[in-house]
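> My structure is in coords-v2.cif, and what it holds is mmCIF, C-alpha atoms:
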```cif
data_target
loop_
_atom_site.label_atom_id
_atom_site.label_comp_id
_atom_site.auth_asym_id
_atom_site.auth_seq_id
_atom_site.Cartn_x
_atom_site.Cartn_y
_atom_site.Cartn_z
CA GLY A 1 139.20 113.43 111.69
CA ARG A 2 135.61 114.56 111.02
CA LEU A 3 134.06 111.09 110.75
CA THR A 4 134.20 108.46 113.46
CA PHE A 5 132.37 105.23 114.10
CA THR A 6 131.21 103.66 117.32
CA THR A 7 128.60 101.28 118.64
CA GLU A 8 128.31 103.27 121.87
CA LEU A 9 125.41 105.73 121.75
CA LYS A 10 126.80 108.03 124.45
CA ASP A 11 130.08 108.33 122.54
CA ALA A 12 128.26 108.93 119.26
CA ILE A 13 126.18 111.84 120.54
CA HIS A 14 128.78 113.38 122.86
CA GLY A 15 129.09 117.04 121.90
CA ALA A 16 126.56 116.75 119.05
CA ASP A 17 124.29 119.67 118.20
CA ALA A 18 121.91 117.40 116.28
CA VAL A 19 121.13 113.70 116.20
CA PHE A 20 119.36 112.20 113.20
CA LEU A 21 116.92 109.30 113.50
CA ALA A 22 117.04 107.35 110.26
CA VAL A 23 115.42 104.04 111.13
CA GLY A 24 113.00 101.82 109.29
CA THR A 25 109.25 102.30 109.43
CA PRO A 26 108.01 99.02 107.99
CA THR A 27 104.35 98.44 107.30
CA ARG A 28 102.55 96.72 110.18
CA ARG A 29 100.93 93.42 109.38
CA GLY A 30 97.18 93.50 109.36
CA ASP A 31 96.45 97.20 109.14
CA GLY A 32 99.12 98.58 106.77
CA HIS A 33 100.10 101.44 109.08
CA ALA A 34 103.73 102.44 109.61
CA ASP A 35 105.37 100.59 112.48
CA LEU A 36 106.95 103.38 114.53
CA THR A 37 108.40 101.07 117.17
CA TYR A 38 111.98 101.64 116.00
CA VAL A 39 111.57 105.41 115.71
CA PHE A 40 110.15 105.71 119.23
CA ALA A 41 112.76 103.37 120.72
CA ALA A 42 115.61 105.29 119.07
CA ALA A 43 114.19 108.63 120.26
CA GLU A 44 113.98 107.37 123.84
CA GLN A 45 117.51 105.92 123.70
CA VAL A 46 118.95 109.19 122.40
CA ALA A 47 117.06 111.19 125.03
CA ARG A 48 118.34 108.98 127.83
CA ALA A 49 121.92 109.27 126.53
CA ALA A 50 121.80 113.05 125.95
CA GLU A 51 124.25 115.09 128.01
CA GLY A 52 123.14 118.53 126.98
CA PRO A 53 120.92 120.45 124.59
CA LEU A 54 120.45 118.90 121.16
CA VAL A 55 118.12 118.78 118.20
CA LEU A 56 116.57 115.36 117.57
CA VAL A 57 115.79 115.15 113.85
CA THR A 58 113.56 112.55 112.22
CA LYS A 59 114.72 111.53 108.72
CA SER A 60 112.44 108.49 108.53
CA THR A 61 109.18 108.61 106.59
CA VAL A 62 106.61 108.93 109.36
CA PRO A 63 102.90 109.76 109.54
CA VAL A 64 101.84 113.27 110.41
CA GLY A 65 101.86 113.70 114.17
CA THR A 66 104.86 111.46 114.84
CA GLY A 67 107.03 114.43 115.80
CA ARG A 68 104.57 115.35 118.55
CA GLN A 69 104.67 111.78 119.86
CA ILE A 70 108.48 111.90 119.84
CA GLU A 71 108.38 115.17 121.79
CA LYS A 72 106.25 113.48 124.44
CA ILE A 73 108.59 110.47 124.65
CA VAL A 74 111.64 112.73 124.94
CA ARG A 75 110.06 114.95 127.62
CA GLU A 76 109.06 111.91 129.68
CA ALA A 77 112.50 110.30 129.32
CA ARG A 78 114.55 113.45 130.01
CA PRO A 79 112.64 116.46 131.31
CA ASP A 80 115.97 117.86 132.55
CA VAL A 81 117.58 118.24 129.09
CA GLN A 82 116.59 120.65 126.32
CA ILE A 83 115.87 118.44 123.32
CA ASP A 84 114.18 120.11 120.37
CA VAL A 85 112.41 117.77 117.95
CA ALA A 86 112.57 118.43 114.22
CA SER A 87 111.60 116.73 110.97
CA ASN A 88 113.91 116.68 107.96
CA PRO A 89 112.54 114.25 105.36
CA GLU A 90 114.86 112.97 102.67
CA PHE A 91 114.02 112.90 98.99
CA LEU A 92 116.49 110.39 97.53
CA ARG A 93 115.79 108.69 94.23
CA GLU A 94 116.63 105.04 93.79
CA GLY A 95 119.92 104.74 91.94
CA ASN A 96 120.83 108.37 92.57
CA ALA A 97 120.94 108.58 96.37
CA ILE A 98 124.50 109.90 96.68
CA GLY A 99 123.94 112.55 94.01
CA ASP A 100 120.63 113.57 95.58
CA PHE A 101 122.27 113.75 99.00
CA MET A 102 125.13 115.93 97.74
CA ARG A 103 122.95 118.15 95.53
CA PRO A 104 119.32 117.95 96.68
CA ASP A 105 116.70 119.94 94.81
CA ARG A 106 115.30 121.13 98.18
CA VAL A 107 115.76 120.75 101.92
CA VAL A 108 112.66 120.72 104.11
CA ILE A 109 113.13 121.47 107.79
CA GLY A 110 110.18 121.11 110.16
CA VAL A 111 110.89 122.86 113.46
CA GLU A 112 109.14 124.59 116.32
CA SER A 113 112.05 126.40 117.96
CA GLU A 114 114.44 129.09 116.75
CA ARG A 115 117.32 127.09 118.24
CA ALA A 116 116.48 124.01 116.17
CA LEU A 117 116.13 126.13 113.04
CA ALA A 118 119.50 127.79 113.65
CA VAL A 119 121.25 124.44 114.20
CA LEU A 120 119.81 122.92 111.03
CA LYS A 121 120.41 126.02 108.90
CA ARG A 122 124.04 126.00 110.04
CA LEU A 123 124.27 122.31 109.14
CA TYR A 124 122.80 122.87 105.68
CA ARG A 125 124.70 126.13 104.99
CA PRO A 126 126.96 124.48 102.34
CA LEU A 127 123.84 123.52 100.37
CA TYR A 128 122.41 127.01 100.74
CA LEU A 129 125.65 128.38 99.28
CA ILE A 130 125.04 126.33 96.12
CA GLU A 131 121.52 127.80 95.99
CA THR A 132 119.61 124.79 97.26
CA PRO A 133 116.26 126.01 98.59
CA VAL A 134 115.95 125.44 102.33
CA VAL A 135 112.30 125.54 103.37
CA ALA A 136 111.41 125.92 107.05
CA THR A 137 107.97 124.62 108.05
CA SER A 138 106.17 123.22 111.04
CA ILE A 139 106.98 119.64 112.00
CA GLU A 140 103.61 118.42 110.71
CA THR A 141 104.05 120.18 107.36
CA ALA A 142 107.48 118.58 106.89
CA GLU A 143 106.02 115.14 107.68
CA LEU A 144 103.17 115.74 105.24
CA THR A 145 105.56 117.00 102.55
CA LYS A 146 107.28 113.60 102.46
CA TYR A 147 103.97 111.75 102.11
CA ALA A 148 102.85 114.18 99.38
CA ALA A 149 106.10 113.63 97.46
CA ASN A 150 105.72 109.85 97.75
CA ALA A 151 102.07 110.00 96.65
CA PHE A 152 102.94 112.21 93.68
CA LEU A 153 105.67 109.78 92.63
CA ALA A 154 103.17 106.91 92.84
CA VAL A 155 100.73 108.86 90.64
CA LYS A 156 103.46 109.53 88.05
CA ILE A 157 104.48 105.87 87.97
CA THR A 158 100.88 104.70 87.66
CA PHE A 159 100.23 107.22 84.89
CA ILE A 160 103.24 106.22 82.81
CA ASN A 161 102.43 102.53 83.28
CA GLN A 162 98.89 103.18 82.03
CA MET A 163 100.29 105.07 79.04
CA ALA A 164 102.61 102.15 78.27
CA ASP A 165 99.66 99.74 78.43
CA LEU A 166 97.69 101.96 76.02
CA CYS A 167 100.62 102.14 73.61
CA GLU A 168 100.99 98.36 73.61
CA LYS A 169 97.28 97.92 72.86
CA ALA A 170 97.31 100.58 70.15
CA GLY A 171 100.07 98.99 68.51
#
```
In structure tokens, how does this file's structure come out?

Amino acid sequence: GRLTFTTELKDAIHGADAVFLAVGTPTRRGDGHADLTYVFAAAEQVARAAEGPLVLVTKSTVPVGTGRQIEKIVREARPDVQIDVASNPEFLREGNAIGDFMRPDRVVIGVESERALAVLKRLYRPLYLIETPVVATSIETAELTKYAANAFLAVKITFINQMADLCEKAG
């Protein structure tokens, strides 16, 4: 009874303390920047459907500053509802996503309000109980943390590929 499915947004968020945006951010043709169209559209749809206070959490990999843009969209769409924006990037490895979701090595929460922090800490309490570090930061720091993790992974992959090339040449 704790998991339900619906295609109706109002039904999905009814009574929710937090709503997670986990939509694609494909690369835009021509300039290589992240296409935030889907993120912004989802944020506006959730704001318009909101019935009461909630925390709107971005899971998608987004450029630094996106949270501030989402705040503006939400305020314009629903100035009458308290919607706190937060960033909660995911760090799932290919082939190990379920394991990483169940036992992450860290949880990063980017928030500006005490209410948003309390909601997300309550949500992640089971992970805290198994000693998963929960790090609270600003929204921008959380957004940057995801890009830093991705960049570091790219450096590690490039390095090991270069080492493999050297080993093949050496012999």
> Grab the atom CA of A:Lys59 to atom CA of A:Pro126 distance for me, in Å with one decimal place.
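Those two atoms sit 18.9 Å apart.
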> Considering all atoms listed in the file, state which residue in the set A:Gly52, A:Pro79, A:Gly171, A:Gly95 is at the smallest distance from A:Ile13.
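Checking each of A:Gly52, A:Pro79, A:Gly171, A:Gly95 against A:Ile13, counting all atoms listed in the file, the winner is A:Gly52.
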> Could you please determine the separation between atom CA of A:Ala47 and atom CA of A:Pro26 in Å, to one decimal place?
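One can read the atom CA of A:Ala47 to atom CA of A:Pro26 distance as 22.8 Å.
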> Report, in Å with one decimal, the straight-line distance from atom CA of A:Thr145 to atom CA of A:Val108.
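So the answer is 8.2 Å.
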> Here is a test: counting all atoms listed in the file, which residue of A:Pro89, A:Pro104, A:Gly24, A:Gly15 is nearest to A:Val64?
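Using all atoms listed in the file, the shortest distance to A:Val64 belongs to A:Pro89.
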> Considering all atoms listed in the file, state which residue in the set A:Glu51, A:Pro63, A:Phe101, A:Ala118 is at the smallest distance from A:Glu140.
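Ranked by minimum distance to A:Glu140, first place goes to A:Pro63.
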> Quick one: residues within 6 Å of A:Ser138, all atoms listed in the file counted, chain neighbours fewer than 2 positions away excluded, as a list in words?
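Skipping anything fewer than 2 positions along the chain leaves Gly110, Val111, Glu140 and Thr141 of chain A.
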> Nearest to A:Ala49 among A:Leu92, A:Ala12, A:Val23, A:Leu166, with distances taken over only C-alpha atoms: which residue is it?
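Among the listed residues, A:Ala12 lies closest to A:Ala49.
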> Please list as number ranges by chain every residue within 8 Å of stretch 3-11 of chain A, counting all atoms listed in the file and excluding residues in the same chain fewer than 3 positions away.
A: 14, 46, 49-50
> Assuming the chain letters and numbering stay as they are in my file, what does the PyMOL selection byres ((chain A and resi 30-40) around 8) actually select? List them as a list in words.
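This file, filtered by the PyMOL selection byres ((chain A and resi 30-40) around 8), leaves Leu21, Ala22, Val23, Gly24, Thr25, Pro26, Thr27, Arg28, Arg29, Ala41, Ala42, Ala43, Glu44, Ser60, Val62, Pro63, Ile70 and Ile73 of chain A.
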> Smallest atom-to-atom distance to A:Asp17: which of A:Lys169, A:Arg93, A:Arg103, A:Arg115, using all atoms listed in the file?
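The shortest atom-to-atom distance to A:Asp17 comes from A:Arg115.
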> Of the residues A:Phe91, A:Val119, A:Val135, A:Val81, which is the one nearest to A:Leu153, using all atoms listed in the file?
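Checking each candidate against A:Leu153, we get A:Phe91 as the closest.
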> For A:Lys121, list every protein, DNA or RNA residue within 9 Å, evaluated using all atoms listed in the file, and leave out those in the same chain fewer than 4 positions away; present the list as a PyMOL selection string.
chain A and resi 109+116-117+125+128+134
> Excluding A:Val57 and residues on its chain fewer than 2 positions from it, collect all residues at most 7 Å away from it, counting only C-alpha atoms, and give them as a PyMOL selection string.
chain A and resi 18-21+55+59+85-88
> Leaving out A:Lys146 and any residue of its chain fewer than 3 positions from it, which residues lie within 8 Å of it when counting only C-alpha atoms, given as a PyMOL selection string?
chain A and resi 61+89-91+142-143+149-150
> Could stretch 105-131 of chain A be completed with N, CA and C atoms and returned as a short mmCIF file (atom, residue, chain, number, x, y, z; two decimals), in the coordinates of the input?

```
data_model
loop_
_atom_site.label_atom_id
_atom_site.label_comp_id
_atom_site.auth_asym_id
_atom_site.auth_seq_id
_atom_site.Cartn_x
_atom_site.Cartn_y
_atom_site.Cartn_z
N ASP A 105 117.43 118.85 95.47
CA ASP A 105 116.70 119.94 94.81
C ASP A 105 115.99 120.83 95.84
N ARG A 106 115.85 120.32 97.10
CA ARG A 106 115.30 121.13 98.18
C ARG A 106 115.62 120.46 99.50
N VAL A 107 115.60 121.26 100.56
CA VAL A 107 115.76 120.75 101.92
C VAL A 107 114.56 121.27 102.70
N VAL A 108 113.82 120.36 103.31
CA VAL A 108 112.66 120.72 104.11
C VAL A 108 113.01 120.49 105.58
N ILE A 109 112.83 121.54 106.37
CA ILE A 109 113.13 121.47 107.79
C ILE A 109 111.87 121.83 108.56
N GLY A 110 111.35 120.87 109.31
CA GLY A 110 110.18 121.11 110.16
C GLY A 110 110.64 121.33 111.59
N VAL A 111 110.43 122.52 112.11
CA VAL A 111 110.89 122.86 113.46
C VAL A 111 109.84 123.69 114.19
N GLU A 112 110.00 123.75 115.49
CA GLU A 112 109.14 124.59 116.32
C GLU A 112 109.94 125.66 117.05
N SER A 113 111.25 125.46 117.19
CA SER A 113 112.05 126.40 117.96
C SER A 113 113.08 127.11 117.07
N GLU A 114 113.40 128.32 117.46
CA GLU A 114 114.44 129.09 116.75
C GLU A 114 115.79 128.40 116.88
N ARG A 115 116.05 127.79 118.03
CA ARG A 115 117.32 127.09 118.24
C ARG A 115 117.48 125.94 117.25
N ALA A 116 116.43 125.13 117.10
CA ALA A 116 116.48 124.01 116.17
C ALA A 116 116.68 124.51 114.74
N LEU A 117 115.98 125.57 114.38
CA LEU A 117 116.13 126.13 113.04
C LEU A 117 117.56 126.61 112.81
N ALA A 118 118.13 127.29 113.79
CA ALA A 118 119.50 127.79 113.65
C ALA A 118 120.51 126.65 113.50
N VAL A 119 120.34 125.59 114.28
CA VAL A 119 121.25 124.44 114.20
C VAL A 119 121.18 123.80 112.82
N LEU A 120 119.96 123.59 112.32
CA LEU A 120 119.81 122.92 111.03
C LEU A 120 120.21 123.82 109.86
N LYS A 121 119.96 125.11 109.96
CA LYS A 121 120.41 126.02 108.90
C LYS A 121 121.94 126.06 108.85
N ARG A 122 122.58 126.03 110.01
CA ARG A 122 124.04 126.00 110.04
C ARG A 122 124.55 124.70 109.42
N LEU A 123 123.89 123.60 109.71
CA LEU A 123 124.27 122.31 109.14
C LEU A 123 124.14 122.30 107.62
N TYR A 124 123.06 122.88 107.12
CA TYR A 124 122.80 122.87 105.68
C TYR A 124 123.36 124.09 104.95
N ARG A 125 124.14 124.92 105.62
CA ARG A 125 124.70 126.13 104.99
C ARG A 125 125.46 125.83 103.69
N PRO A 126 126.28 124.76 103.62
CA PRO A 126 126.96 124.48 102.34
C PRO A 126 125.99 124.28 101.18
N LEU A 127 124.83 123.70 101.44
CA LEU A 127 123.84 123.52 100.37
C LEU A 127 123.19 124.85 100.01
N TYR A 128 122.97 125.69 101.00
CA TYR A 128 122.41 127.01 100.74
C TYR A 128 123.35 127.82 99.85
N LEU A 129 124.65 127.65 100.08
CA LEU A 129 125.65 128.38 99.28
C LEU A 129 125.64 127.97 97.81
N ILE A 130 125.17 126.74 97.53
CA ILE A 130 125.04 126.33 96.12
C ILE A 130 123.60 126.51 95.64
N GLU A 131 122.87 127.37 96.36
CA GLU A 131 121.52 127.80 95.99
C GLU A 131 120.45 126.72 96.09
#
```
